[in-house]
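Peer 1: Take a look at this one; I'll ask things after.
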Amino acid sequence: MIGQILIDGITSGAMIGLGAIGLTLTCGLLRFANFAQGEFATWGAYFALLIAGALGGAAPLGPLTFGWPLLAALLISMGLTALLAWSLDAVLFRRLRRHGNAIVLVIASFGASLALRSAVEFLFGPEPYYYSRDIAMTLRLAPGMRATADQLVVLALALVLMLAMHLLLARTPLGRAMRAVSENPDLARLAGIDAARVVRATWLLGGALAAAAGVFLGVTVQVRPAMGFELLLPLFAAAILGGIGSVPGAMVGGLVIGIAEAAAVPLAGAQYRAAVAFVVMLAMLLVRPRGLFGGRAA
Amino acid sequence: MSLLEVRDLVAGYEPGLPIVRGVGFALDAGEILVLLGPNGAGKSTLARAVAGLVPVAEGTVMLGGGSLLAVPAHRRIGAGLGFVPQSGNVFAALTVAENLAIAAAVLPRAARAGRIAAALALFPDLAAARGRAAGLLSGGQRQMLAIARALIPAPRVMALDEPSAGLAPKLVGTVLAKLREIAAGGVAVLLVEQNVRAALAVADRAMVLVEGRVAHAGTAAALRDDPRVAALYLGGVRAA
Ligand SMILES: Nc1ncnc2c1ncn2[C@@H]1O[C@H](COP(=O)(O)OP(=O)(O)OP(=O)(O)O)[C@@H](O)[C@H]1O
Ligand SMILES: [Mg+2]
C-alpha cells in the first residue's frame with residue numbers, strides 16, 4: 001500500500017510542483033499571490049484538447065492511451081498558455097502594479113480566475129472531457145504497486161520539465177536575472193537588469209509549466225472547468241511549503257503535498273483529501289513561515 | 001562643463017513631500033565629493049534620485065552633457081552611472097561570481113572577463129570567495145563586492161551610499177583608500193559618508209546636507225577646519 005501511495009502521490013505531486021513553479025516565481029518577483037494560476041492549468045488542458053482534436057486521431061503510442069497529436073498539442077498549448085499568462089499580466093496586473101496595492105492585485109487575480117473559469121464553462125460546458133476513450137493499461141511495478149503507462153510517461157515528462165526549469169534558473173543569464181530581481185528589485189535595476197523583461201519571462205514560463213500540469217492532469221484524470229481551481233490550494237500549499245520564490249522548493253513542496261494527499265485517502269478517507277494541502281500549509285506557516293527552502297516569509 | 005551636474009534638484013517619495021529641496025553640485029572626473037549630514041538629512045534620497053530610484057520633481061541631472069532624468073534606472077549604468085546603495089547592496093542569495101557576472105552582463109561580451117579580472121585585482125579578497133554566496137561574506141568583503149559590482153561596467157561617475165557603514169575602523173580606511181584608487185583612474189566619485197574624519201581625509205570636496213538643503217560646501221580641507229562642521233559632527237549633535 002505504501003508503494004501505491006508513493007507512486008500515486010509522486011505523480012500528482014509532480015503536477016502540483018509544475019503548477020506551483022509559476023506561482024512561487026510570480027509571488028516572489030511581484031509580491032502578490034496570483035489566484036488565477038490554477039486557471040492556466042485549466043486553459044492549458046482545454047487548449048490541448050482542441051489542438052489534439054484538430055490534429056486528428058493517430059494511433060496511440062505503445063501502451064499509452066494517446067499518440068503524438070497530444071504530445072504536439074502539449075507543446076503548442078504550453079506556448080498558448082504562456083501567452084495567456086503574459087497577456088493577463090499586460091492587460092490587468094501590470095496596470096494595477098503601478099498603483100502598488102497588494103490587496104487590489106490579489107482581488108483582481110481572484111476576479112480573473114472567476115472570469116477565466118466561467119469562459120471555459122461557457123465555451124465547453126460543465127461536463128468532463130477525456131483526451132482518449134481508451135482504457136489505460138495498468139503495469140505492475142512491484143507487489144502492491146501499480147501504475148498506468150500514461151502515469152509513468154506523465155511523471156517522466158514532468159520531471160524533465162522541472163529539471164529544465166531548474167537548469168534555466170541555475171545556469172542561464174535569464175535565470176540569474178530572475179533570481180536577482182526576486183531578491184532585490186532595486187539593486188537589479190542598478191545592475192542594469194530590465195525588470196520588466198524578467199517579469200514577462202516569468203509569466204511566460206509560469207504559464208507554460210501550468211499548462212503542462214493541466215494537460216498531465218487531463219491525461220491521468222479528466223479535463224473539467226474546475227480542475228485548475230481545485231488545484232489552487234495544493235499549488236499554494238506547495239509554494240508556501242517550499243518557500244516563496246524558491247523553484248526547487250515548489251517542486252519538493254508539490255511532491256510532499258501530492259504524497260500527503262495520496263496517503264490521506266486510505267488513512268482518513270477520500271473526503272479529506274482536499275483538506276490535507278490546507279493542513280500542511282497551515283502547519284508550515286506556524287512552524288517555519290519561510291518554508292523548507294528558506295524563501296521569503298509567506 | 002563638469003562630468004556630473006546636478007541643479008536645483010527636488011526629489012522625494014511622495015508628491016508634494018520633497019525630501020531633497022533644491023540641491024545643486026558639480027563633479028569632475030577623478031574627483032571625490034563627500035556628502036555629509038545628520039541622519040535623515042536626505043543624503044540617501046539625493047543619491048537614489050541621481051541613480052533613478054527616487055522620483056525627481058524638479059531640477060536637472062546631467063552626465064557628460066546629457067540629461068539622465070529620462071533614462072530609466074536600469075539604463076543608467078549603461079549611461080555611465082554606477083551606484084552602491086546603503087543597504088542590500090549585493091545579491092545575498094547569489095554567489096560572488098554570479099554577482100560579478102550580473103554586473104558584467106551590460107558590457108559587450110568580449111569585455112566582460114577583463115573587467116571582472118580588473119575588479120578582482122583591486123579586491124583580491126573576492127577572488128578566493130568566488131563560489132561563496134554573497135550573503136555569507138564578511139562585512140568588509142560584502143562592501144568590496146558591492147563596489148566591484150558597480151565598478152565592473154566601467155562607470156564614469158560612481159555614487160556610493162555609506163560604503164564604510166558597519167566596518168571596523170581599520171577597514172574603513174581600506175575601503176575609502178580603494179575609492180581614491182578608483183578616482184585616480186578618472187572616475188568621478190560621489191561619496192555619502194558618516195565617518196566624517198575618514199571621509200574628509202580622502203575627499204577633494206565636501207558638502208553638508210541638512211534637511212534636504214546644502215548647509216555648507218567647500219574643499220574637504222576647509223570643512224575639516226570649519227567650526228560649524230565640528231559643531232554638527234565632531235562632538236556636537238552627532239555624538240549626542
Ligand atoms: N522609502 C521611503 N519612503 C518614504 N520616506 C522615506 C523613504 N526613505 C527615506 N524616507 C524619508 O526621507 C528622509 C531622508 O531619508 P534619507 O534616507 O535620505 O536620509 P539620510 O540622510 O540618508 O539618513 P541616514 O544618515 O540615516 O542614512 C527621512 O525623513 C526618511 O524618513
Ligand atoms: Mg542614508
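In the C-alpha cells, chains take the letters A, B, ... in the order shown, each chain's residues start at 1, and ligands count up from 1 in the order shown.
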Let me see if you get this right: every residue at most 10 Å from ligand 2, counting only C-alpha atoms and all ligand atoms, written as a PyMOL selection string.

Peer 2: chain B and resi 36-48+85-87+161-162+192-194

Peer 1: Atoms to include: N, CA, C and O atoms. Write the selected residues as a compact mmCIF listing (two decimals), in the first residue's frame.

Peer 2:
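Written output follows (part_36.txt):
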# COMPACT_ATOMS: atom_id res chain seq x y z
N LEU B 36 27.97 64.89 3.43
CA LEU B 36 27.80 64.66 4.86
C LEU B 36 26.43 65.18 5.29
O LEU B 36 25.75 65.86 4.52
N GLY B 37 26.08 64.90 6.53
CA GLY B 37 24.82 65.42 7.04
C GLY B 37 24.25 64.51 8.09
O GLY B 37 24.55 63.31 8.10
N PRO B 38 23.42 65.05 8.98
CA PRO B 38 22.84 64.23 10.04
C PRO B 38 21.91 63.15 9.49
O PRO B 38 21.51 63.21 8.33
N ASN B 39 21.55 62.20 10.32
CA ASN B 39 20.61 61.16 9.92
C ASN B 39 19.30 61.81 9.47
O ASN B 39 18.82 62.73 10.11
N GLY B 40 18.78 61.30 8.36
CA GLY B 40 17.50 61.83 7.88
C GLY B 40 17.62 63.12 7.10
O GLY B 40 16.61 63.72 6.72
N ALA B 41 18.85 63.58 6.82
CA ALA B 41 19.03 64.84 6.10
C ALA B 41 18.61 64.72 4.63
O ALA B 41 18.34 65.73 3.98
N GLY B 42 18.57 63.49 4.12
CA GLY B 42 18.21 63.30 2.71
C GLY B 42 19.39 62.91 1.84
O GLY B 42 19.29 62.96 0.61
N LYS B 43 20.49 62.47 2.44
CA LYS B 43 21.68 62.09 1.68
C LYS B 43 21.37 60.89 0.76
O LYS B 43 21.67 60.92 -0.43
N SER B 44 20.78 59.86 1.36
CA SER B 44 20.46 58.68 0.56
C SER B 44 19.44 59.02 -0.51
O SER B 44 19.52 58.55 -1.65
N THR B 45 18.46 59.84 -0.13
CA THR B 45 17.42 60.21 -1.09
C THR B 45 18.04 60.94 -2.29
O THR B 45 17.68 60.67 -3.44
N LEU B 46 18.98 61.82 -2.01
CA LEU B 46 19.66 62.53 -3.09
C LEU B 46 20.41 61.55 -3.99
O LEU B 46 20.28 61.59 -5.23
N ALA B 47 21.18 60.65 -3.38
CA ALA B 47 21.95 59.69 -4.18
C ALA B 47 21.01 58.78 -4.98
O ALA B 47 21.26 58.50 -6.16
N ARG B 48 19.93 58.36 -4.34
CA ARG B 48 18.98 57.47 -5.03
C ARG B 48 18.23 58.19 -6.15
O ARG B 48 17.86 57.58 -7.15
N PRO B 85 24.12 51.21 -3.25
CA PRO B 85 23.15 51.70 -2.27
C PRO B 85 23.59 51.43 -0.84
O PRO B 85 24.54 50.69 -0.59
N GLN B 86 22.86 52.06 0.10
CA GLN B 86 23.24 51.98 1.52
C GLN B 86 23.02 50.58 2.09
O GLN B 86 23.85 50.07 2.81
N SER B 87 21.86 49.98 1.77
CA SER B 87 21.61 48.62 2.29
C SER B 87 21.23 47.73 1.12
O SER B 87 20.84 48.21 0.07
N ASP B 161 26.69 54.99 -1.23
CA ASP B 161 25.98 55.42 -0.04
C ASP B 161 26.51 54.67 1.17
O ASP B 161 26.23 53.49 1.36
N GLU B 162 27.30 55.34 1.97
CA GLU B 162 27.90 54.79 3.19
C GLU B 162 28.57 53.43 2.99
O GLU B 162 28.20 52.45 3.65
N VAL B 192 28.62 59.30 -0.02
CA VAL B 192 27.85 59.64 1.17
C VAL B 192 28.53 58.95 2.34
O VAL B 192 28.80 57.75 2.26
N GLU B 193 28.83 59.69 3.39
CA GLU B 193 29.56 59.07 4.50
C GLU B 193 29.11 59.59 5.86
O GLU B 193 28.68 60.71 6.00
N GLN B 194 29.24 58.74 6.87
CA GLN B 194 29.02 59.13 8.26
C GLN B 194 30.35 59.20 9.01
O GLN B 194 30.44 59.84 10.05

Peer 1: At a cut-off of 9 Å, list the chain A residues touching chain B, using only C-alpha atoms, as JSON, numbers by chain.

Peer 2: {"A": [173, 176, 177, 179, 180, 183, 184, 186, 187, 188, 189, 190, 191, 192, 193, 194, 195]}

Peer 1: I'd like the interatomic distance between atom CA of B:Ala148 and atom CA of B:Leu126, to a tenth of an Å.

Peer 2: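 It comes out at 9.1 Å.
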
Peer 1: With only C-alpha atoms and all ligand atoms as the atoms that count, which of B:Val210, B:Leu200, B:Ala57, B:Ala133 lies nearest to ligand 1?

Peer 2: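 Looking only at the distances to ligand 1, the closest residue turns out to be B:Val210.
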
Peer 1: Between atom CA of A:Val221 and atom CA of A:Ala136, what is the spacing in Å?

Peer 2: 10.8 Å

Peer 1: Find the spatial neighbours of A:Ala58, counting only C-alpha atoms, within a cut-off of 10 Å - ignore same-chain residues fewer than 6 positions away - and output them as a ChimeraX atom specification.

Peer 2: /A:52,66-70

Peer 1: What lies within 9 Å of stretch 83-85 of chain A using only C-alpha atoms, ignoring chain neighbours under 6 positions off, as a list in words?

Peer 2: Gln37, Phe40, Trp43, Trp203, Leu204, Leu205, Gly206, Gly207 and Ala208 of chain A

Peer 1: Within 12 Å of A:Ala72, counting only C-alpha atoms, which residues show up once you throw out same-chain ones fewer than 6 positions away? Write them as a PyMOL selection string, please.

Peer 2: chain A and resi 47-56+58+66+78-79+212+215

Peer 1: DSSP on the backbone, then: every residue of stretch 46-152 of chain B marked helix (DSSP H, G or I), written as number ranges by chain.

Peer 2: B: 46-51, 73-76, 96-104, 109-122, 124-128, 134-136, 139-151

Peer 1: Could you write out that same residue set with C-alpha atoms as a PDB file, in the first residue's frame?

Peer 2:
ATOM      1  CA  LEU B  46      19.663  62.534  -3.093  1.00  0.00           C
ATOM      2  CA  ALA B  47      21.950  59.686  -4.177  1.00  0.00           C
ATOM      3  CA  ARG B  48      18.981  57.470  -5.029  1.00  0.00           C
ATOM      4  CA  ALA B  49      17.359  60.263  -7.026  1.00  0.00           C
ATOM      5  CA  VAL B  50      20.541  60.631  -9.064  1.00  0.00           C
ATOM      6  CA  ALA B  51      20.509  56.850  -9.595  1.00  0.00           C
ATOM      7  CA  ALA B  73      17.188  53.332 -13.643  1.00  0.00           C
ATOM      8  CA  HIS B  74      18.262  50.102 -15.354  1.00  0.00           C
ATOM      9  CA  ARG B  75      19.819  52.030 -18.247  1.00  0.00           C
ATOM     10  CA  ARG B  76      21.790  54.483 -16.102  1.00  0.00           C
ATOM     11  CA  VAL B  96      30.156  36.224  -5.618  1.00  0.00           C
ATOM     12  CA  ALA B  97      30.871  35.060  -9.172  1.00  0.00           C
ATOM     13  CA  GLU B  98      27.198  35.478 -10.111  1.00  0.00           C
ATOM     14  CA  ASN B  99      27.109  38.967  -8.615  1.00  0.00           C
ATOM     15  CA  LEU B 100      30.112  39.887 -10.732  1.00  0.00           C
ATOM     16  CA  ALA B 101      28.664  38.229 -13.829  1.00  0.00           C
ATOM     17  CA  ILE B 102      25.431  40.225 -13.480  1.00  0.00           C
ATOM     18  CA  ALA B 103      27.474  43.412 -13.316  1.00  0.00           C
ATOM     19  CA  ALA B 104      29.436  42.421 -16.420  1.00  0.00           C
ATOM     20  CA  ARG B 109      30.734  40.014 -24.427  1.00  0.00           C
ATOM     21  CA  ALA B 110      34.421  40.438 -25.239  1.00  0.00           C
ATOM     22  CA  ALA B 111      34.973  42.995 -22.483  1.00  0.00           C
ATOM     23  CA  ARG B 112      33.405  41.043 -19.620  1.00  0.00           C
ATOM     24  CA  ALA B 113      36.215  38.784 -18.426  1.00  0.00           C
ATOM     25  CA  GLY B 114      38.725  41.621 -18.489  1.00  0.00           C
ATOM     26  CA  ARG B 115      36.591  43.950 -16.389  1.00  0.00           C
ATOM     27  CA  ILE B 116      35.868  41.193 -13.847  1.00  0.00           C
ATOM     28  CA  ALA B 117      39.583  40.413 -13.628  1.00  0.00           C
ATOM     29  CA  ALA B 118      40.359  44.097 -13.102  1.00  0.00           C
ATOM     30  CA  ALA B 119      37.827  44.307 -10.267  1.00  0.00           C
ATOM     31  CA  LEU B 120      39.248  41.176  -8.648  1.00  0.00           C
ATOM     32  CA  ALA B 121      42.740  42.663  -8.912  1.00  0.00           C
ATOM     33  CA  LEU B 122      41.506  45.695  -6.982  1.00  0.00           C
ATOM     34  CA  PRO B 124      41.882  40.296  -4.163  1.00  0.00           C
ATOM     35  CA  ASP B 125      39.814  39.027  -1.207  1.00  0.00           C
ATOM     36  CA  LEU B 126      36.895  38.430  -3.543  1.00  0.00           C
ATOM     37  CA  ALA B 127      38.785  36.111  -5.863  1.00  0.00           C
ATOM     38  CA  ALA B 128      39.099  33.470  -3.151  1.00  0.00           C
ATOM     39  CA  ALA B 134      27.400  36.807  -1.154  1.00  0.00           C
ATOM     40  CA  GLY B 135      25.198  36.674   1.946  1.00  0.00           C
ATOM     41  CA  LEU B 136      27.897  34.666   3.725  1.00  0.00           C
ATOM     42  CA  GLY B 139      31.040  42.887   6.234  1.00  0.00           C
ATOM     43  CA  GLY B 140      34.220  44.108   4.594  1.00  0.00           C
ATOM     44  CA  GLN B 141      34.106  41.598   1.738  1.00  0.00           C
ATOM     45  CA  ARG B 142      30.487  42.471   1.178  1.00  0.00           C
ATOM     46  CA  GLN B 143      31.252  46.162   0.718  1.00  0.00           C
ATOM     47  CA  MET B 144      34.138  45.265  -1.594  1.00  0.00           C
ATOM     48  CA  LEU B 145      31.789  43.107  -3.668  1.00  0.00           C
ATOM     49  CA  ALA B 146      29.224  45.908  -3.776  1.00  0.00           C
ATOM     50  CA  ILE B 147      31.858  48.342  -5.012  1.00  0.00           C
ATOM     51  CA  ALA B 148      33.252  45.812  -7.502  1.00  0.00           C
ATOM     52  CA  ARG B 149      29.745  45.223  -8.837  1.00  0.00           C
ATOM     53  CA  ALA B 150      29.241  48.923  -9.528  1.00  0.00           C
ATOM     54  CA  LEU B 151      32.752  49.325 -10.930  1.00  0.00           C
TER      55      LEU B 151
END

Peer 1: Taking 4 positions as the minimum chain separation for residues in the same chain, which residues sit within 10 Å of stretch 272-280 of chain A when counting only C-alpha atoms? Answer as a PDB file with C-alpha atoms, in the first residue's frame.

Peer 2:
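Here's the written file result_30.pdb:
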ATOM      1  CA  GLU A 230      -9.306  22.679  -7.364  1.00  0.00           C
ATOM      2  CA  LEU A 231      -5.555  22.625  -7.922  1.00  0.00           C
ATOM      3  CA  LEU A 232      -5.160  26.106  -6.460  1.00  0.00           C
ATOM      4  CA  LEU A 233      -4.974  25.164  -2.788  1.00  0.00           C
ATOM      5  CA  PRO A 234      -2.365  22.439  -3.374  1.00  0.00           C
ATOM      6  CA  LEU A 235      -0.404  24.936  -5.504  1.00  0.00           C
ATOM      7  CA  PHE A 236      -0.336  27.496  -2.722  1.00  0.00           C
ATOM      8  CA  ALA A 237       0.487  24.814  -0.175  1.00  0.00           C
ATOM      9  CA  ALA A 238       3.409  23.610  -2.296  1.00  0.00           C
ATOM     10  CA  ILE A 240       4.495  28.019   0.824  1.00  0.00           C
ATOM     11  CA  LEU A 241       5.929  24.690   1.915  1.00  0.00           C
ATOM     12  CA  GLY A 253       6.632  21.073  -1.858  1.00  0.00           C
ATOM     13  CA  GLY A 254       4.488  19.710  -4.692  1.00  0.00           C
ATOM     14  CA  VAL A 256       5.184  16.385  -0.397  1.00  0.00           C
ATOM     15  CA  ILE A 257       1.624  17.650  -0.882  1.00  0.00           C
ATOM     16  CA  GLY A 258       0.956  15.030  -3.546  1.00  0.00           C
ATOM     17  CA  ALA A 260       0.311  13.578   1.729  1.00  0.00           C
ATOM     18  CA  GLU A 261      -2.906  13.759  -0.292  1.00  0.00           C
ATOM     19  CA  ALA A 262      -2.458  10.247  -1.590  1.00  0.00           C
ATOM     20  CA  ALA A 263      -1.793   8.979   1.928  1.00  0.00           C
ATOM     21  CA  ALA A 264      -4.874  10.736   3.290  1.00  0.00           C
ATOM     22  CA  VAL A 265      -7.242   8.694   1.144  1.00  0.00           C
ATOM     23  CA  PRO A 266      -6.638   5.284   2.775  1.00  0.00           C
ATOM     24  CA  LEU A 267      -5.856   6.778   6.175  1.00  0.00           C
ATOM     25  CA  ALA A 268      -8.633   9.322   6.610  1.00  0.00           C
ATOM     26  CA  MET A 284       4.214  25.064   7.736  1.00  0.00           C
ATOM     27  CA  LEU A 285       3.124  28.665   8.251  1.00  0.00           C
ATOM     28  CA  LEU A 286       3.027  28.119  12.010  1.00  0.00           C
TER      29      LEU A 286
END

Peer 1: Just want the 10 Å neighbourhood of B:Val157, counted on only C-alpha atoms, with same-chain residues fewer than 6 positions away dropped. Output as a ChimeraX atom specification.

Peer 2: /B:3-4,27-31,63-64,77,79-83,151,183,186-190

Peer 1: Restrict the selected residues to N, CA and C atoms and save them as a PDB file, in the first residue's frame.

Peer 2:
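Now in again.pdb:
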ATOM      1  N   LEU B   3      31.564  66.724 -15.355  1.00  0.00           N
ATOM      2  CA  LEU B   3      31.084  65.405 -15.766  1.00  0.00           C
ATOM      3  C   LEU B   3      29.665  65.159 -15.240  1.00  0.00           C
ATOM      4  N   LEU B   4      29.467  65.366 -13.937  1.00  0.00           N
ATOM      5  CA  LEU B   4      28.121  65.227 -13.367  1.00  0.00           C
ATOM      6  C   LEU B   4      27.666  66.592 -12.870  1.00  0.00           C
ATOM      7  N   LEU B  27      30.569  67.744 -10.353  1.00  0.00           N
ATOM      8  CA  LEU B  27      31.607  66.778 -10.022  1.00  0.00           C
ATOM      9  C   LEU B  27      32.422  66.485 -11.273  1.00  0.00           C
ATOM     10  N   ASP B  28      33.747  66.585 -11.139  1.00  0.00           N
ATOM     11  CA  ASP B  28      34.614  66.359 -12.296  1.00  0.00           C
ATOM     12  C   ASP B  28      35.243  64.975 -12.242  1.00  0.00           C
ATOM     13  N   ALA B  29      35.733  64.525 -13.375  1.00  0.00           N
ATOM     14  CA  ALA B  29      36.419  63.236 -13.462  1.00  0.00           C
ATOM     15  C   ALA B  29      37.596  63.220 -12.494  1.00  0.00           C
ATOM     16  N   GLY B  30      37.770  62.107 -11.794  1.00  0.00           N
ATOM     17  CA  GLY B  30      38.903  61.956 -10.894  1.00  0.00           C
ATOM     18  C   GLY B  30      38.726  62.609  -9.538  1.00  0.00           C
ATOM     19  N   GLU B  31      37.538  63.189  -9.318  1.00  0.00           N
ATOM     20  CA  GLU B  31      37.320  63.941  -8.092  1.00  0.00           C
ATOM     21  C   GLU B  31      36.433  63.145  -7.132  1.00  0.00           C
ATOM     22  N   LEU B  63      24.776  64.049 -17.065  1.00  0.00           N
ATOM     23  CA  LEU B  63      26.023  63.282 -17.040  1.00  0.00           C
ATOM     24  C   LEU B  63      26.685  63.413 -18.408  1.00  0.00           C
ATOM     25  N   GLY B  64      27.895  63.942 -18.423  1.00  0.00           N
ATOM     26  CA  GLY B  64      28.604  64.120 -19.689  1.00  0.00           C
ATOM     27  C   GLY B  64      27.819  64.976 -20.663  1.00  0.00           C
ATOM     28  N   ILE B  77      23.317  52.625 -15.679  1.00  0.00           N
ATOM     29  CA  ILE B  77      24.656  52.054 -15.628  1.00  0.00           C
ATOM     30  C   ILE B  77      25.274  52.099 -17.026  1.00  0.00           C
ATOM     31  N   ALA B  79      24.609  54.336 -19.160  1.00  0.00           N
ATOM     32  CA  ALA B  79      24.876  55.748 -19.443  1.00  0.00           C
ATOM     33  C   ALA B  79      26.113  56.233 -18.691  1.00  0.00           C
ATOM     34  N   GLY B  80      26.672  55.371 -17.833  1.00  0.00           N
ATOM     35  CA  GLY B  80      27.926  55.738 -17.176  1.00  0.00           C
ATOM     36  C   GLY B  80      27.816  56.029 -15.694  1.00  0.00           C
ATOM     37  N   LEU B  81      26.669  55.697 -15.100  1.00  0.00           N
ATOM     38  CA  LEU B  81      26.493  55.973 -13.676  1.00  0.00           C
ATOM     39  C   LEU B  81      26.404  54.675 -12.878  1.00  0.00           C
ATOM     40  N   GLY B  82      27.324  54.478 -11.957  1.00  0.00           N
ATOM     41  CA  GLY B  82      27.266  53.316 -11.073  1.00  0.00           C
ATOM     42  C   GLY B  82      26.816  53.764  -9.697  1.00  0.00           C
ATOM     43  N   PHE B  83      26.043  52.917  -9.006  1.00  0.00           N
ATOM     44  CA  PHE B  83      25.555  53.300  -7.680  1.00  0.00           C
ATOM     45  C   PHE B  83      25.626  52.112  -6.734  1.00  0.00           C
ATOM     46  N   LEU B 151      31.569  48.871 -10.187  1.00  0.00           N
ATOM     47  CA  LEU B 151      32.752  49.325 -10.930  1.00  0.00           C
ATOM     48  C   LEU B 151      32.936  48.572 -12.249  1.00  0.00           C
ATOM     49  N   ALA B 183      39.094  56.747  -8.139  1.00  0.00           N
ATOM     50  CA  ALA B 183      39.054  58.117  -8.659  1.00  0.00           C
ATOM     51  C   ALA B 183      40.310  58.418  -9.476  1.00  0.00           C
ATOM     52  N   GLY B 186      40.193  58.094 -13.043  1.00  0.00           N
ATOM     53  CA  GLY B 186      39.391  59.023 -13.837  1.00  0.00           C
ATOM     54  C   GLY B 186      37.901  58.973 -13.560  1.00  0.00           C
ATOM     55  N   VAL B 187      37.498  58.214 -12.535  1.00  0.00           N
ATOM     56  CA  VAL B 187      36.072  58.123 -12.203  1.00  0.00           C
ATOM     57  C   VAL B 187      35.724  59.265 -11.255  1.00  0.00           C
ATOM     58  N   ALA B 188      34.572  59.895 -11.472  1.00  0.00           N
ATOM     59  CA  ALA B 188      34.072  60.902 -10.542  1.00  0.00           C
ATOM     60  C   ALA B 188      33.309  60.174  -9.442  1.00  0.00           C
ATOM     61  N   VAL B 189      33.654  60.456  -8.174  1.00  0.00           N
ATOM     62  CA  VAL B 189      33.064  59.700  -7.066  1.00  0.00           C
ATOM     63  C   VAL B 189      32.217  60.610  -6.185  1.00  0.00           C
ATOM     64  N   LEU B 190      30.967  60.234  -6.005  1.00  0.00           N
ATOM     65  CA  LEU B 190      30.089  60.920  -5.053  1.00  0.00           C
ATOM     66  C   LEU B 190      29.931  59.990  -3.860  1.00  0.00           C
TER      67      LEU B 190
END

Peer 1: To test your reading of the structure, identify every residue in stretch 11-201 of chain A that backbone DSSP assigns to strand (DSSP E or B), and report it as a list of chain:residue names.

Peer 2: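 DSSP-assigned strand (DSSP E or B) residues in stretch 11-201 of chain A: A:Tyr129, A:Thr138, A:Leu139, A:Arg140, A:Leu141, A:Ala142, A:Met145, A:Arg146, A:Ala147, A:Thr148.
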
Peer 1: Under the rule that only C-alpha atoms are counted, which of B:Leu137, B:Ala222, B:Ala217, B:Leu167 is the nearest residue to B:Ala26?

Peer 2: B:Ala217

Peer 1: When you draw a straight line from atom CA of A:Leu74 to atom CA of A:Ala211, how long is it in Å?

Peer 2: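 Here the two named atoms are 7.9 Å from each other.
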